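Quick notes on the structure that follows.
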Amino acid sequence: MTTAITHSPLTFELIETVIETLPVQSRIMVRLLLLQYLEPSEEDIQFIVEDQPDSRFMAGDQPKKRTSLVAAIHEVTGRIGQYSGFLRQKRERPWLQVEYLKKQIALADLTILAAEGLLTSKFQVDRTELKERKKTAVSALPKPEIRRLDRTLEQEEISEDDFHRERLLVEYQTLLRRRERQRRRLKNAEQEYELSGISSLQDHEVAHIWGIPLGSLSARKVKALTQYITALQAKLDEESASSGSQQAYPDLWRETLRVLSRRPTQRSIVTFIPGIERTEEALIEKLKTLADGTIPETAESGFWQLITRVHDSEHSGPWHSHARAIFALQRLFAIQSDSEPTLDELEEELLKTTRPKSKDDALPAHQPDEQTAELSEQALGVLNALAGEIDDKRTT
């Protein structure tokens with residue numbers, strides 16, 4: 001009688017041990033398919049280079065002597081590095097989103113808690129009204145409401161305390177909407193991160209690295225996967241027999257990818273690539289407004305899409321498609337890590353943001369009278385030279 005497993009019996013060490021026991025061609029094939037987690041050895045690369053057919057002799061016998069072996073090894077190593085880096089960045093981009101959004105949701109929860117505390121204690125808002133505001137938060141329009149409040153305050157139709165209360169309720173609904181957006185984004189990022197972790201190298205990509213036709217690759221791939229799964233099944237059966245318990249195993253290839261995807265995500269070293277903003281300084285400033293929530297709500301969703309999407313184009317090519325987003329997300333993550341406000345600090349910031357502006361604040365700052373700048377003697381000489389000399393004949 002078999003029983004369903006409650007946890008995976010596979011481990012990273014077991015997977016590596018089984019792969020090491022495979023024949024050299026199958027071992028290389030499995031490692032290339034799992035290139036996101038396993039790097040081919042120098043011996044594997046040497047075999048790939050020696051196994052590559054010479055394109056000049058595809059229809060006839062292969063030449064016995066190879067030329068430029070060092071260059072061929074360099075080319076294969078470069079292609080492996082390209083695909084490995086691309087797969088790593090493809091997984092790192094959603095991982096950074098997940099880590100950032102988890103912290104932002106925790107911060108949003110704390111900020112909403114601070115707003116609720118102020119509304120119930122300082123402004124005497126009952127729980128029923130808070131519940132109603134929470135229900136209508138998604139459909140609320142903050143800009144018209146804020147303009148209405150500003151107008152009524154300016155016309156002295158509302159007291160400053162009542163204005164402060166209503167303005168904080170508007171901010172409360174804004175916080176609720178922001179948290180809901182972040183939850184949806186987190187769900188999408190987690191799904192993308194999971195999918196990127198269980199995807200193996202595609203056939204045409206393996207063929208490009210190995211330098212063999214797709215027809216030859218298909219047969220080798222089937223053979224390699226069959227040998228790997230058979231060896232892995234035998235190893236698991238051996239361990240089950242020694243422990244005295246039988247288990248039903250899932251799809252061992254998919255389970256292999258799932259176990260390997262638990263490994264920590266490697267961080268990429270990327271540099272600024274124009275596209276989101278023209279300069280790195282402008283990008284950093286805008287990322288700060290996103291992290292602290294001061295970016296306008298109407299611009300926030302569009303900016304989030306810019307810093308998280310795949311930036312693939314005919315100019316950058318596929319190898320840089322994730323680098324632009326990763327740079328922005330890495331800087332955003334660093335900005336977020338520098339700030340950990342407390343509940344009291346959040347309450348103070350909420351009161352400051354929603355407090356009615358005094359008339360003195362609305363008046364423009366006094367500008368000192370500008371003094372006419374006097375030109376130096378050298379500057380006057382330049383101007384006279386440009387103007388030319390006065391024609392004295394016209395005055396006679």
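Each chain in the structure tokens gets a letter, A, B, ..., in the order shown, and its residues are numbered from 1; ligands are numbered from 1 in order too.
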
Name the residues in contact with Ile229 (chain A) at a cut-off of 10 Å, using only C-alpha atoms, excluding same-chain residues fewer than 6 positions from it; report them as a tab-separated table (two decimals) with N, CA and C atoms, in the first residue's frame.
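Wrote it out as selection_31.tsv, contents follow:
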chain	number	residue	atom	x	y	z
A	18	VAL	N	22.98	11.94	-8.06
A	18	VAL	CA	22.41	11.15	-9.16
A	18	VAL	C	22.94	11.64	-10.50
A	19	ILE	N	23.05	12.95	-10.69
A	19	ILE	CA	23.55	13.49	-11.95
A	19	ILE	C	24.99	13.07	-12.18
A	235	LYS	N	17.34	5.42	-6.65
A	235	LYS	CA	17.95	5.93	-5.42
A	235	LYS	C	16.89	6.17	-4.35
A	251	ASP	N	5.88	13.73	-10.17
A	251	ASP	CA	6.68	13.93	-11.37
A	251	ASP	C	8.09	14.33	-10.94
A	252	LEU	N	9.03	13.42	-11.10
A	252	LEU	CA	10.36	13.64	-10.54
A	252	LEU	C	11.12	14.78	-11.22
A	253	TRP	N	10.87	15.01	-12.50
A	253	TRP	CA	11.55	16.13	-13.16
A	253	TRP	C	11.03	17.47	-12.64
A	256	THR	N	12.23	17.98	-9.22
A	256	THR	CA	13.64	18.40	-9.21
A	256	THR	C	13.75	19.92	-9.35

For Leu130 (chain A): contacts at 12 Å, only C-alpha atoms, fewer than 2 positions along chain excluded, given as an mmCIF file with N, CA and C atoms, in the first residue's frame:
data_model
loop_
_atom_site.group_PDB
_atom_site.id
_atom_site.type_symbol
_atom_site.label_atom_id
_atom_site.label_comp_id
_atom_site.auth_asym_id
_atom_site.auth_seq_id
_atom_site.Cartn_x
_atom_site.Cartn_y
_atom_site.Cartn_z
ATOM 1 N N ILE A 112 -1.969 52.201 8.225
ATOM 2 C CA ILE A 112 -3.425 52.157 8.359
ATOM 3 C C ILE A 112 -3.817 52.050 9.829
ATOM 4 N N LEU A 113 -3.056 51.272 10.585
ATOM 5 C CA LEU A 113 -3.301 51.162 12.022
ATOM 6 C C LEU A 113 -3.116 52.516 12.703
ATOM 7 N N ALA A 115 -3.478 55.472 11.251
ATOM 8 C CA ALA A 115 -4.590 56.327 10.842
ATOM 9 C C ALA A 115 -5.862 55.993 11.616
ATOM 10 N N GLU A 116 -6.139 54.727 11.796
ATOM 11 C CA GLU A 116 -7.330 54.322 12.559
ATOM 12 C C GLU A 116 -7.232 54.776 14.007
ATOM 13 N N GLY A 117 -6.023 54.684 14.572
ATOM 14 C CA GLY A 117 -5.842 55.141 15.946
ATOM 15 C C GLY A 117 -6.083 56.626 16.096
ATOM 16 N N LEU A 118 -5.592 57.424 15.157
ATOM 17 C CA LEU A 118 -5.815 58.872 15.204
ATOM 18 C C LEU A 118 -7.284 59.216 15.012
ATOM 19 N N LEU A 119 -7.938 58.551 14.079
ATOM 20 C CA LEU A 119 -9.340 58.863 13.787
ATOM 21 C C LEU A 119 -10.257 58.536 14.964
ATOM 22 N N THR A 120 -9.979 57.419 15.638
ATOM 23 C CA THR A 120 -10.862 57.019 16.742
ATOM 24 C C THR A 120 -10.557 57.753 18.042
ATOM 25 N N PHE A 123 -9.999 62.280 16.751
ATOM 26 C CA PHE A 123 -11.102 62.912 16.020
ATOM 27 C C PHE A 123 -12.462 62.258 16.300
ATOM 28 N N GLN A 124 -12.486 61.306 17.222
ATOM 29 C CA GLN A 124 -13.743 60.710 17.693
ATOM 30 C C GLN A 124 -14.593 60.101 16.561
ATOM 31 N N VAL A 125 -13.940 59.445 15.618
ATOM 32 C CA VAL A 125 -14.662 58.751 14.543
ATOM 33 C C VAL A 125 -15.022 57.349 15.044
ATOM 34 N N ASP A 126 -16.310 56.980 14.947
ATOM 35 C CA ASP A 126 -16.713 55.667 15.449
ATOM 36 C C ASP A 126 -16.361 54.570 14.444
ATOM 37 N N ARG A 127 -16.393 53.336 14.917
ATOM 38 C CA ARG A 127 -16.008 52.186 14.104
ATOM 39 C C ARG A 127 -16.960 51.967 12.929
ATOM 40 N N THR A 128 -18.202 52.348 13.096
ATOM 41 C CA THR A 128 -19.172 52.178 12.005
ATOM 42 C C THR A 128 -18.793 53.024 10.799
ATOM 43 N N GLU A 132 -17.581 51.837 7.015
ATOM 44 C CA GLU A 132 -18.213 52.325 5.794
ATOM 45 C C GLU A 132 -17.176 52.943 4.858
ATOM 46 N N ARG A 133 -16.234 53.681 5.418
ATOM 47 C CA ARG A 133 -15.168 54.264 4.607
ATOM 48 C C ARG A 133 -14.303 53.180 3.966
ATOM 49 N N LYS A 134 -14.102 52.089 4.685
ATOM 50 C CA LYS A 134 -13.305 50.990 4.158
ATOM 51 C C LYS A 134 -14.018 50.317 2.978
ATOM 52 N N LYS A 135 -15.342 50.209 3.059
ATOM 53 C CA LYS A 135 -16.110 49.589 1.976
ATOM 54 C C LYS A 135 -16.065 50.430 0.701
ATOM 55 N N THR A 136 -16.101 51.743 0.863
ATOM 56 C CA THR A 136 -16.159 52.645 -0.294
ATOM 57 C C THR A 136 -14.790 53.156 -0.719
ATOM 58 N N ALA A 137 -13.719 52.595 -0.155
ATOM 59 C CA ALA A 137 -12.372 53.100 -0.450
ATOM 60 C C ALA A 137 -11.999 52.906 -1.916
ATOM 61 N N GLU A 166 -11.826 65.283 8.140
ATOM 62 C CA GLU A 166 -12.255 64.804 6.828
ATOM 63 C C GLU A 166 -11.071 64.508 5.916
ATOM 64 N N LEU A 168 -8.115 63.504 6.867
ATOM 65 C CA LEU A 168 -7.495 62.258 7.316
ATOM 66 C C LEU A 168 -8.313 61.049 6.869
ATOM 67 N N LEU A 169 -9.624 61.203 6.820
ATOM 68 C CA LEU A 169 -10.463 60.105 6.308
ATOM 69 C C LEU A 169 -10.184 59.845 4.826
ATOM 70 N N VAL A 170 -9.958 60.898 4.067
ATOM 71 C CA VAL A 170 -9.594 60.736 2.659
ATOM 72 C C VAL A 170 -8.243 60.021 2.536
ATOM 73 N N TYR A 172 -6.986 58.019 4.702
ATOM 74 C CA TYR A 172 -7.222 56.654 5.159
ATOM 75 C C TYR A 172 -7.690 55.775 3.996
ATOM 76 N N GLN A 173 -8.596 56.283 3.186
ATOM 77 C CA GLN A 173 -9.068 55.530 2.031
ATOM 78 C C GLN A 173 -7.965 55.368 0.980
ATOM 79 N N LEU A 176 -5.812 52.532 2.073
ATOM 80 C CA LEU A 176 -6.467 51.244 1.838
ATOM 81 C C LEU A 176 -6.349 50.817 0.376
#

Open item on the list: Set the distance at 9 Å and use only C-alpha atoms: which residues neighbour Leu35 (chain A) once local chain neighbours fewer than 2 positions away are removed? I'd like the list as a VMD selection string.
Closed with: chain A and resid 30 to 33 37 to 40 80 83 to 84 87 200 to 201

Task: Nearest to Phe303 (chain A) by atom-to-atom distance, counting only C-alpha atoms, from A:Ala323, A:Val49, A:Leu329, A:Val76 - done: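 Under the stated criterion, the closest residue is A:Leu329.
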
Open item on the list: So that I can check the surroundings of region 151-157 of chain A, please list as a ChimeraX atom specification every protein, DNA and RNA residue that reaches within 12 Å of it, counting only C-alpha atoms and ignoring chain neighbours fewer than 3 positions away.
Closed with: /A:144-148,160-164,166-167,355-359,362

Keeping N, CA and C atoms, export the residues of the selection given above as a short mmCIF file (atom, residue, chain, number, x, y, z; two decimals), in the first residue's frame.
data_model
loop_
_atom_site.label_atom_id
_atom_site.label_comp_id
_atom_site.auth_asym_id
_atom_site.auth_seq_id
_atom_site.Cartn_x
_atom_site.Cartn_y
_atom_site.Cartn_z
N PRO A 144 -11.19 65.24 -6.18
CA PRO A 144 -12.34 66.15 -6.04
C PRO A 144 -12.71 66.43 -4.59
N GLU A 145 -12.56 65.42 -3.74
CA GLU A 145 -12.90 65.61 -2.33
C GLU A 145 -11.92 66.56 -1.65
N ILE A 146 -10.65 66.44 -1.98
CA ILE A 146 -9.65 67.33 -1.39
C ILE A 146 -9.87 68.76 -1.88
N ARG A 147 -10.19 68.92 -3.17
CA ARG A 147 -10.47 70.27 -3.69
C ARG A 147 -11.70 70.88 -3.01
N ARG A 148 -12.70 70.06 -2.78
CA ARG A 148 -13.91 70.55 -2.09
C ARG A 148 -13.58 70.99 -0.68
N GLU A 160 -11.18 74.23 11.13
CA GLU A 160 -9.93 73.55 10.85
C GLU A 160 -9.92 72.12 11.41
N ASP A 161 -10.54 71.91 12.58
CA ASP A 161 -10.60 70.57 13.16
C ASP A 161 -11.43 69.63 12.29
N ASP A 162 -12.57 70.13 11.79
CA ASP A 162 -13.40 69.29 10.93
C ASP A 162 -12.70 69.02 9.59
N PHE A 163 -12.00 70.03 9.09
CA PHE A 163 -11.22 69.82 7.87
C PHE A 163 -10.17 68.74 8.09
N HIS A 164 -9.46 68.84 9.20
CA HIS A 164 -8.41 67.87 9.52
C HIS A 164 -9.00 66.46 9.60
N GLU A 166 -11.83 65.28 8.14
CA GLU A 166 -12.26 64.80 6.83
C GLU A 166 -11.07 64.51 5.92
N ARG A 167 -10.04 65.33 6.04
CA ARG A 167 -8.85 65.12 5.20
C ARG A 167 -8.14 63.83 5.59
N ARG A 355 -2.88 68.11 7.87
CA ARG A 355 -3.18 69.34 8.61
C ARG A 355 -3.52 70.47 7.65
N PRO A 356 -4.52 71.29 7.95
CA PRO A 356 -4.87 72.40 7.05
C PRO A 356 -3.74 73.41 7.00
N LYS A 357 -3.48 73.91 5.80
CA LYS A 357 -2.42 74.89 5.63
C LYS A 357 -2.89 76.27 6.09
N SER A 358 -2.04 76.93 6.83
CA SER A 358 -2.38 78.27 7.29
C SER A 358 -2.25 79.27 6.15
N LYS A 359 -2.86 80.42 6.31
CA LYS A 359 -2.81 81.44 5.26
C LYS A 359 -1.39 81.94 5.03
N ALA A 362 0.31 79.77 2.56
CA ALA A 362 -0.16 79.92 1.18
C ALA A 362 0.46 81.12 0.49
#

- [ ] Find the residue from A:Ile284, A:Val70, A:Leu107, A:Leu257 that sits nearest to Ser339 (chain A); use only C-alpha atoms when measuring.
- [x]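 Ranked by minimum distance to Ser339 (chain A), first place goes to A:Leu107.
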
Open item on the list: With DSSP run on the backbone, what are the helix (DSSP H, G or I) residues within region 46-279 of chain A? I'd like them as a ChimeraX atom specification.
Closed with: /A:46-51,55-57,69-121,127-135,142-154,160-197,203-210,214-243,252-260
